[in-house]
$ cat target.tsv   # TSV, C-alpha atoms
chain	number	residue	atom	x	y	z
M	1	MET	CA	11.84	39.75	-19.59
M	2	GLY	CA	12.16	39.59	-15.82
M	3	TRP	CA	10.04	41.53	-13.32
M	4	VAL	CA	12.69	43.99	-12.07
M	5	ASN	CA	12.76	46.04	-15.26
M	6	ALA	CA	12.41	45.63	-19.03
M	7	GLY	CA	15.74	43.82	-19.40
M	8	ASN	CA	15.57	40.24	-20.65
M	9	ASP	CA	19.11	39.25	-19.68
M	10	ARG	CA	21.70	40.11	-17.05
M	11	ASP	CA	23.43	42.91	-18.94
M	12	ALA	CA	20.20	44.60	-19.98
M	13	THR	CA	18.81	44.39	-16.44
M	14	LEU	CA	21.95	45.95	-14.98
M	15	GLN	CA	21.90	48.87	-17.41
M	16	VAL	CA	19.51	50.89	-15.22
M	17	VAL	CA	22.49	51.48	-12.91
M	18	PRO	CA	25.12	52.25	-15.57
M	19	GLU	CA	28.13	52.96	-13.35
M	20	LEU	CA	27.55	49.85	-11.26
M	21	ALA	CA	26.99	47.84	-14.44
M	22	GLU	CA	30.28	49.07	-15.86
M	23	ARG	CA	32.21	48.23	-12.69
M	24	PHE	CA	30.64	44.81	-12.48
M	25	ALA	CA	31.36	44.08	-16.15
M	26	ALA	CA	35.01	45.01	-15.66
M	27	LEU	CA	35.33	42.61	-12.72
M	28	TYR	CA	33.52	39.85	-14.59
M	29	ARG	CA	35.78	40.27	-17.62
M	30	SER	CA	38.86	40.09	-15.42
M	31	LEU	CA	37.90	36.57	-14.34
M	32	TRP	CA	38.31	35.38	-17.93
M	33	THR	CA	41.65	37.08	-18.58
M	34	GLN	CA	43.50	36.31	-15.33
M	35	ARG	CA	46.37	33.78	-15.30
M	36	ARG	CA	45.71	31.84	-12.08
M	37	ILE	CA	43.16	29.26	-13.24
M	38	PRO	CA	42.37	28.32	-16.87
M	39	PRO	CA	39.14	29.98	-18.02
M	40	ALA	CA	37.77	26.62	-19.19
M	41	THR	CA	38.14	25.27	-15.64
M	42	LEU	CA	36.30	28.29	-14.28
M	43	GLU	CA	33.55	27.73	-16.86
M	44	LEU	CA	33.13	24.14	-15.67
M	45	CYS	CA	32.75	25.42	-12.10
M	46	ARG	CA	30.27	28.11	-13.21
M	47	LEU	CA	28.18	25.53	-15.07
M	48	ARG	CA	28.29	23.09	-12.14
M	49	LEU	CA	26.94	25.85	-9.89
M	50	ALA	CA	24.19	26.48	-12.46
M	51	GLN	CA	23.31	22.77	-12.43
M	52	LEU	CA	23.12	22.72	-8.65
M	53	HIS	CA	20.92	25.83	-8.66
M	54	ARG	CA	18.86	24.42	-11.57
M	55	SER	CA	19.32	27.65	-13.50
M	56	ASP	CA	18.55	27.20	-17.21
M	57	VAL	CA	19.63	30.78	-17.88
M	58	GLU	CA	23.13	30.21	-16.54
M	59	LEU	CA	23.41	26.76	-18.13
M	60	GLN	CA	22.68	28.27	-21.52
M	61	ARG	CA	25.12	31.11	-21.02
M	62	SER	CA	28.63	30.60	-22.41
M	63	ASP	CA	31.59	32.57	-21.04
M	64	CYS	CA	34.27	30.20	-22.35
M	65	GLU	CA	34.05	27.34	-24.81
M	66	ILE	CA	34.48	23.85	-23.39
M	67	PRO	CA	34.41	20.42	-25.06
M	68	ALA	CA	30.94	18.94	-25.57
M	69	SER	CA	32.06	15.78	-23.76
M	70	GLN	CA	32.73	17.77	-20.59
M	71	LEU	CA	29.41	19.57	-20.82
M	72	ASP	CA	27.55	16.30	-21.37
M	73	ASN	CA	29.27	14.58	-18.45
M	74	LEU	CA	29.52	17.43	-15.96
M	75	THR	CA	27.20	15.77	-13.44
M	76	ARG	CA	29.59	12.78	-13.51
M	77	TRP	CA	32.80	14.78	-13.11
M	78	GLU	CA	34.03	12.59	-10.24
M	79	SER	CA	34.24	9.44	-12.39
M	80	ASP	CA	34.37	10.51	-16.03
M	81	ASN	CA	37.88	10.51	-17.47
M	82	CYS	CA	37.34	13.62	-19.59
M	83	PHE	CA	38.06	15.72	-16.49
M	84	SER	CA	41.61	16.31	-15.28
M	85	VAL	CA	42.71	15.95	-11.66
M	86	ALA	CA	43.04	19.73	-11.41
M	87	GLU	CA	39.52	20.25	-12.78
M	88	ARG	CA	38.17	17.68	-10.33
M	89	ALA	CA	39.81	19.49	-7.41
M	90	CYS	CA	38.08	22.71	-8.44
M	91	LEU	CA	34.73	21.00	-9.04
M	92	ALA	CA	34.88	19.26	-5.65
M	93	PHE	CA	35.52	22.63	-4.01
M	94	THR	CA	32.69	24.19	-6.03
M	95	GLU	CA	30.12	21.63	-4.93
M	96	VAL	CA	30.79	22.10	-1.23
M	97	TYR	CA	30.96	25.88	-1.69
M	98	ALA	CA	27.49	25.76	-3.25
M	99	MET	CA	25.94	23.64	-0.53
M	100	ASP	CA	27.59	24.98	2.64
M	101	VAL	CA	30.63	27.21	2.50
M	102	GLN	CA	31.29	26.58	6.20
M	103	ALA	CA	31.71	22.87	5.42
M	104	LEU	CA	34.73	23.33	3.14
M	105	THR	CA	37.73	21.43	4.46
M	106	ASP	CA	41.43	22.26	4.50
M	107	GLU	CA	41.98	19.17	2.36
M	108	GLN	CA	39.64	20.47	-0.36
M	109	ALA	CA	41.42	23.83	-0.32
M	110	ASP	CA	44.82	22.13	-0.38
M	111	ALA	CA	43.78	20.06	-3.40
M	112	VAL	CA	43.10	23.26	-5.36
M	113	LYS	CA	46.34	24.83	-4.14
M	114	THR	CA	48.33	21.79	-5.26
M	115	HIS	CA	47.51	22.70	-8.85
M	116	PHE	CA	47.01	26.47	-8.73
M	117	GLY	CA	48.74	27.77	-5.59
M	118	ASP	CA	47.39	30.16	-2.97
M	119	ALA	CA	46.50	32.78	-5.56
M	120	GLY	CA	44.61	30.17	-7.57
M	121	LEU	CA	42.52	29.24	-4.54
M	122	VAL	CA	41.74	32.92	-3.90
M	123	LEU	CA	40.78	33.43	-7.54
M	124	LEU	CA	38.53	30.37	-7.47
M	125	VAL	CA	36.76	31.56	-4.32
M	126	GLU	CA	36.36	35.04	-5.76
M	127	ALA	CA	34.98	33.65	-9.03
M	128	LEU	CA	32.58	31.29	-7.28
M	129	GLY	CA	31.18	34.21	-5.31
M	130	ILE	CA	30.46	36.08	-8.51
M	131	PHE	CA	29.08	33.06	-10.38
M	132	ASP	CA	26.89	32.07	-7.46
M	133	GLY	CA	25.66	35.64	-7.16
M	134	MET	CA	24.75	35.96	-10.83
M	135	THR	CA	23.03	32.57	-10.78
M	136	ARG	CA	20.95	33.56	-7.78
M	137	LEU	CA	20.03	36.87	-9.41
M	138	SER	CA	19.03	35.16	-12.67
M	139	LEU	CA	16.63	33.02	-10.64
M	140	LEU	CA	15.41	35.84	-8.42
M	141	TRP	CA	14.85	38.18	-11.38
M	142	ARG	CA	13.12	35.34	-13.28
M	143	LEU	CA	15.16	35.98	-16.40
M	144	PRO	CA	14.10	33.93	-19.43
M	145	ALA	CA	16.39	31.26	-20.90
M	146	THR	CA	16.78	32.08	-24.58
M	147	VAL	CA	20.30	31.49	-25.88
M	148	GLN	CA	21.87	28.17	-26.91
M	149	ARG	CA	25.43	27.77	-25.60
M	150	LYS	CA	28.33	26.80	-27.87
M	151	THR	CA	30.88	24.07	-27.24
M	152	LEU	CA	34.31	23.48	-28.78
M	153	ASP	CA	32.99	20.56	-30.84
M	154	GLU	CA	30.31	22.55	-32.66
B	1	MET	CA	34.98	26.43	9.46
B	2	SER	CA	38.76	26.37	9.42
B	3	GLY	CA	40.60	28.47	11.98
B	4	ARG	CA	43.71	28.20	9.82
B	5	PRO	CA	44.10	30.70	6.98
B	6	ARG	CA	44.04	28.79	3.70
B	7	ALA	CA	45.80	31.60	1.80
B	8	SER	CA	47.84	34.47	3.16
B	9	ASN	CA	48.89	37.78	1.66
B	10	ARG	CA	52.44	38.50	2.81
B	11	ASN	CA	52.81	41.70	0.81
B	12	THR	CA	53.61	44.93	2.65
B	13	PRO	CA	50.38	46.19	4.30
B	14	THR	CA	48.74	49.17	2.61
B	15	GLY	CA	46.06	49.98	5.19
B	16	ASN	CA	43.30	48.98	2.76
B	17	MET	CA	41.33	46.07	4.26
B	18	ILE	CA	40.64	44.39	0.91
B	19	ARG	CA	44.03	45.07	-0.66
B	20	ASP	CA	45.75	43.60	2.42
B	21	SER	CA	43.51	40.53	2.53
B	22	ALA	CA	44.11	37.34	0.55
B	23	LEU	CA	42.33	39.03	-2.36
B	24	GLY	CA	45.54	41.01	-2.78
B	25	LEU	CA	47.18	37.83	-4.09
B	26	VAL	CA	45.28	38.25	-7.36
B	27	PRO	CA	46.19	41.66	-8.79
B	28	GLU	CA	44.41	40.82	-12.06
B	29	THR	CA	41.04	41.16	-10.34
B	30	LEU	CA	41.88	43.33	-7.32
B	31	GLU	CA	41.42	46.80	-8.80
B	32	SER	CA	38.12	45.86	-10.44
B	33	TYR	CA	36.95	44.35	-7.17
B	34	LEU	CA	37.80	47.51	-5.25
B	35	ALA	CA	36.14	49.70	-7.87
B	36	LEU	CA	32.93	47.65	-7.73
B	37	ASN	CA	32.95	47.74	-3.93
B	38	ARG	CA	33.16	51.53	-3.92
B	39	ALA	CA	30.50	51.82	-6.60
B	40	VAL	CA	28.10	49.69	-4.57
B	41	TRP	CA	28.35	52.24	-1.75
B	42	GLU	CA	28.69	55.44	-3.72
B	43	SER	CA	27.11	55.09	-7.15
B	44	GLY	CA	23.66	53.61	-6.68
B	45	PRO	CA	20.31	55.15	-5.72
B	46	LEU	CA	19.89	53.43	-2.33
B	47	ARG	CA	21.00	55.23	0.84
B	48	SER	CA	24.06	53.98	2.72
B	49	ALA	CA	21.96	52.98	5.73
B	50	GLU	CA	19.75	50.83	3.49
B	51	ILE	CA	22.75	49.11	1.89
B	52	GLU	CA	24.20	48.45	5.35
B	53	ILE	CA	20.99	46.78	6.50
B	54	ALA	CA	21.26	44.31	3.62
B	55	ARG	CA	24.98	43.78	4.26
B	56	LEU	CA	24.48	43.03	7.94
B	57	ARG	CA	21.58	40.67	7.26
B	58	ASN	CA	23.77	38.75	4.83
B	59	ALA	CA	26.68	38.72	7.31
B	60	ARG	CA	24.53	37.22	10.03
B	61	LYS	CA	22.98	34.59	7.76
B	62	VAL	CA	26.31	33.50	6.27
B	63	GLY	CA	28.06	33.57	9.65
B	64	CYS	CA	30.99	35.74	8.60
B	65	VAL	CA	32.45	36.95	11.92
B	66	PHE	CA	34.42	39.71	10.26
B	67	CYS	CA	31.48	41.04	8.19
B	68	LYS	CA	29.24	40.95	11.28
B	69	SER	CA	31.68	43.04	13.31
B	70	VAL	CA	32.16	45.83	10.76
B	71	ARG	CA	30.11	49.02	10.75
B	72	TYR	CA	30.70	51.40	7.87
B	73	ASP	CA	30.99	55.02	8.93
B	74	ILE	CA	28.91	56.32	6.02
B	75	ALA	CA	25.98	54.13	7.08
B	76	ARG	CA	26.20	55.36	10.65
B	77	ALA	CA	26.36	58.94	9.39
B	78	ASP	CA	23.23	58.13	7.40
B	79	GLY	CA	21.41	57.19	10.59
B	80	LEU	CA	21.95	53.46	11.06
B	81	CYS	CA	22.46	53.35	14.84
B	82	GLU	CA	23.14	50.19	16.88
B	83	ASP	CA	19.58	50.19	18.21
B	84	LYS	CA	18.37	49.73	14.64
B	85	VAL	CA	21.07	47.16	13.85
B	86	GLU	CA	19.72	45.11	16.77
B	87	LEU	CA	16.40	44.84	14.95
B	88	ILE	CA	17.97	42.96	12.03
B	89	GLN	CA	16.98	39.59	13.47
B	90	ASP	CA	14.81	36.71	12.28
B	91	ASP	CA	11.74	38.34	13.86
B	92	TYR	CA	12.27	41.62	11.99
B	93	LEU	CA	8.70	41.58	10.62
B	94	GLN	CA	7.44	42.38	14.14
B	95	SER	CA	10.10	45.07	14.68
B	96	ALA	CA	9.97	48.85	14.50
B	97	LEU	CA	11.84	48.88	11.20
B	98	SER	CA	10.07	50.73	8.38
B	99	GLU	CA	8.21	48.78	5.70
B	100	ARG	CA	10.94	49.71	3.22
B	101	GLU	CA	13.64	48.36	5.56
B	102	LYS	CA	11.66	45.17	6.14
B	103	LEU	CA	11.39	44.67	2.38
B	104	ILE	CA	15.16	45.04	2.04
B	105	LEU	CA	15.54	42.24	4.58
B	106	ALA	CA	12.89	40.12	2.86
B	107	PHE	CA	14.66	40.53	-0.48
B	108	THR	CA	18.00	39.60	1.10
B	109	ASP	CA	16.50	36.51	2.73
B	110	GLN	CA	14.91	35.47	-0.56
B	111	TYR	CA	18.27	35.79	-2.32
B	112	LEU	CA	19.99	33.74	0.38
B	113	ASN	CA	17.36	31.09	1.07
B	114	ASP	CA	15.64	30.27	-2.21
B	115	PRO	CA	16.06	32.77	-5.04
B	116	GLY	CA	13.99	30.71	-7.45
B	117	SER	CA	10.78	30.78	-5.43
B	118	LEU	CA	9.94	34.47	-5.08
B	119	ASN	CA	6.21	34.70	-4.41
B	120	ASP	CA	3.94	37.16	-6.15
B	121	GLY	CA	3.11	38.99	-2.93
B	122	LEU	CA	6.71	39.89	-2.17
B	123	LYS	CA	7.35	40.69	-5.82
B	124	ALA	CA	4.43	43.11	-5.90
B	125	ALA	CA	5.50	44.76	-2.64
B	126	LEU	CA	9.05	45.25	-3.95
B	127	GLN	CA	7.78	46.69	-7.23
B	128	SER	CA	5.44	49.13	-5.52
B	129	THR	CA	8.05	50.32	-2.99
B	130	PHE	CA	11.30	50.48	-4.98
B	131	ARG	CA	12.14	51.97	-8.35
B	132	PRO	CA	13.71	49.55	-10.88
B	133	GLU	CA	17.14	51.08	-10.42
B	134	GLU	CA	16.83	50.69	-6.64
B	135	LEU	CA	15.98	47.00	-7.05
B	136	VAL	CA	18.98	46.41	-9.30
B	137	HIS	CA	21.23	48.30	-6.88
B	138	LEU	CA	19.94	46.20	-4.00
B	139	SER	CA	20.43	43.03	-6.06
B	140	LEU	CA	24.03	43.79	-6.92
B	141	ALA	CA	24.80	44.90	-3.37
B	142	VAL	CA	23.45	41.68	-1.86
B	143	ALA	CA	25.29	39.55	-4.44
B	144	HIS	CA	28.51	41.46	-3.80
B	145	PHE	CA	28.27	41.22	-0.01
B	146	ASN	CA	27.34	37.55	-0.13
B	147	GLY	CA	30.27	36.76	-2.40
B	148	PHE	CA	32.64	38.67	-0.13
B	149	SER	CA	31.48	37.03	3.09
B	150	ARG	CA	31.55	33.56	1.51
B	151	CYS	CA	35.05	34.37	0.33
B	152	ALA	CA	36.12	35.25	3.87
B	153	VAL	CA	34.62	32.03	5.25
B	154	ALA	CA	36.04	29.83	2.47
B	155	LEU	CA	39.57	31.15	2.94
B	156	GLY	CA	39.57	30.26	6.65
B	157	GLY	CA	41.37	31.95	9.51
B	158	MET	CA	38.19	33.48	10.93
B	159	PRO	CA	38.25	34.19	14.68
B	160	ASP	CA	35.31	33.02	16.81
B	161	GLU	CA	34.38	36.55	17.75
B	162	LEU	CA	35.36	40.16	17.05
B	163	PRO	CA	34.31	43.46	18.62
B	164	ILE	CA	32.29	45.95	16.60
B	165	MET	CA	34.66	47.95	14.40
B	166	GLU	CA	33.74	51.17	12.60
B	167	MET	CA	35.60	51.75	9.35
B	168	SER	CA	35.43	53.56	6.05
B	169	VAL	CA	34.58	51.76	2.82
B	170	PRO	CA	37.85	50.39	1.41

$ encode --input "target.tsv" --output "structure tokens"
Amino acid sequence: MGWVNAGNDRDATLQVVPELAERFAALYRSLWTQRRIPPATLELCRLRLAQLHRSDVELQRSDCEIPASQLDNLTRWESDNCFSVAERACLAFTEVYAMDVQALTDEQADAVKTHFGDAGLVLLVEALGIFDGMTRLSLLWRLPATVQRKTLDE
Amino acid sequence: MSGRPRASNRNTPTGNMIRDSALGLVPETLESYLALNRAVWESGPLRSAEIEIARLRNARKVGCVFCKSVRYDIARADGLCEDKVELIQDDYLQSALSEREKLILAFTDQYLNDPGSLNDGLKAALQSTFRPEELVHLSLAVAHFNGFSRCAVALGGMPDELPIMEMSVP
């Protein structure tokens, strides 16, 4: 378990503030049911953030199944042909977002909008904020990594 | 940072700051976002002035001009005056802020700078000063504010400067 309370994962830790936990869970669920960006693309971005933060907890979490080939080659998304152009646009945006949000360029935003429109860009930015936040909290709370993630090929 | 908005909400204005922002382009998440925002201010154990200290620290560190300019009326009503806001600077440890307020800033900085390297001294101070539910409330508040301010920066169109604006929680 982490040091904040007796919870050993995100949901259990949040349960000490039940109304906040419920509101957060509703928002988090909505990311995976919206129609602006495919959930599998969001999952790739979430996992790339986890890699950049070196968060084993978030790397082992699975919010949407993705092919094993994409998981195995996620650090090489720029050159590996198992990623689509649209996925690469989102992953490029994600990497700069993670390192310095002020450094994002209009071209990187336009690349996302080419595939997903203005609303898709907004959804991506909103999702990245939530993924980045949960990754930082997993690290800050020192949550243990315990669960093996599933891929589509298993 | 881009001065050009990268996404614009052209829907009829409602008077709600979040609903009228670019976030209004995604109705699938909008209501849940608004509900969480209100819950952060109204449903946790921390006082409004304490939440506002964390929000303003995040705003200054991220460089969100809009977030820096806003003052929520409920935090002011809870006693967070401008003199105290002025103490939320990098040298806050030497300021007249209370130990509890300084720990809120230290937690926020840890989240922003290097969440994976919390030292045992700060951890022990947080545990002895805050109840577990207060720490989780603070955690969610900082994550929420950081996500919002990064969202504002990422979507561009930020002015160089804005005057201080008092408003109610949207």

$ residues_around --input "target.tsv" --residues "Asp110 in chain M" --least-positions-apart "5" --cutoff "12 Å" --atoms "only C-alpha atoms" --output "compact mmCIF listing (two decimals) with C-alpha atoms, in the frame of the given file"
# COMPACT_ATOMS: atom_id res chain seq x y z
CA ALA M 86 43.04 19.73 -11.41
CA ALA M 89 39.81 19.49 -7.41
CA CYS M 90 38.08 22.71 -8.44
CA ALA M 92 34.88 19.26 -5.65
CA PHE M 93 35.52 22.63 -4.01
CA LEU M 104 34.73 23.33 3.14
CA THR M 105 37.73 21.43 4.46
CA HIS M 115 47.51 22.70 -8.85
CA PHE M 116 47.01 26.47 -8.73
CA GLY M 117 48.74 27.77 -5.59
CA ASP M 118 47.39 30.16 -2.97
CA ALA M 119 46.50 32.78 -5.56
CA GLY M 120 44.61 30.17 -7.57
CA LEU M 121 42.52 29.24 -4.54
CA VAL M 122 41.74 32.92 -3.90
CA ARG B 4 43.71 28.20 9.82
CA PRO B 5 44.10 30.70 6.98
CA ARG B 6 44.04 28.79 3.70
CA ALA B 7 45.80 31.60 1.80
CA LEU B 155 39.57 31.15 2.94
CA GLY B 156 39.57 30.26 6.65

$ axis_aligned_box --input "target.tsv" --around "range 147-163 of chain B" --padding-each-side "5 Å" --output "lines of an AutoDock Vina configuration file"
center_x = 35.8
center_y = 36.6
center_z = 8.1
size_x = 21.1
size_y = 23.6
size_z = 31.0

$ interface_residues --input "target.tsv" --of "chain M" --to "chain B" --cutoff "7 Å" --atoms "all atoms listed in the file" --output "PyMOL selection string"
chain M and resi 4-5+14+16-17+19-20+23-24+26-27+30-31+34+101-104+106+109+118-119+122-123+125-126+129-130+133+136+139-140

$ residues_near_point --input "target.tsv" --point "(33.1, 25.0, -11.2)" --cutoff "8 Å" --atoms "only C-alpha atoms" --output "mmCIF file with C-alpha atoms, in the frame of the given file"
data_model
loop_
_atom_site.group_PDB
_atom_site.id
_atom_site.type_symbol
_atom_site.label_atom_id
_atom_site.label_comp_id
_atom_site.auth_asym_id
_atom_site.auth_seq_id
_atom_site.Cartn_x
_atom_site.Cartn_y
_atom_site.Cartn_z
ATOM 1 C CA THR M 41 38.140 25.270 -15.640
ATOM 2 C CA LEU M 42 36.300 28.290 -14.280
ATOM 3 C CA GLU M 43 33.550 27.730 -16.860
ATOM 4 C CA LEU M 44 33.130 24.140 -15.670
ATOM 5 C CA CYS M 45 32.750 25.420 -12.100
ATOM 6 C CA ARG M 46 30.270 28.110 -13.210
ATOM 7 C CA LEU M 47 28.180 25.530 -15.070
ATOM 8 C CA ARG M 48 28.290 23.090 -12.140
ATOM 9 C CA LEU M 49 26.940 25.850 -9.890
ATOM 10 C CA CYS M 90 38.080 22.710 -8.440
ATOM 11 C CA LEU M 91 34.730 21.000 -9.040
ATOM 12 C CA PHE M 93 35.520 22.630 -4.010
ATOM 13 C CA THR M 94 32.690 24.190 -6.030
ATOM 14 C CA GLU M 95 30.120 21.630 -4.930
ATOM 15 C CA LEU M 128 32.580 31.290 -7.280
#

$ atom_distance --input "target.tsv" --atom1 "CA of Asn58 in chain B" --atom2 "CA of Glu22 in chain M"
24.0 Å
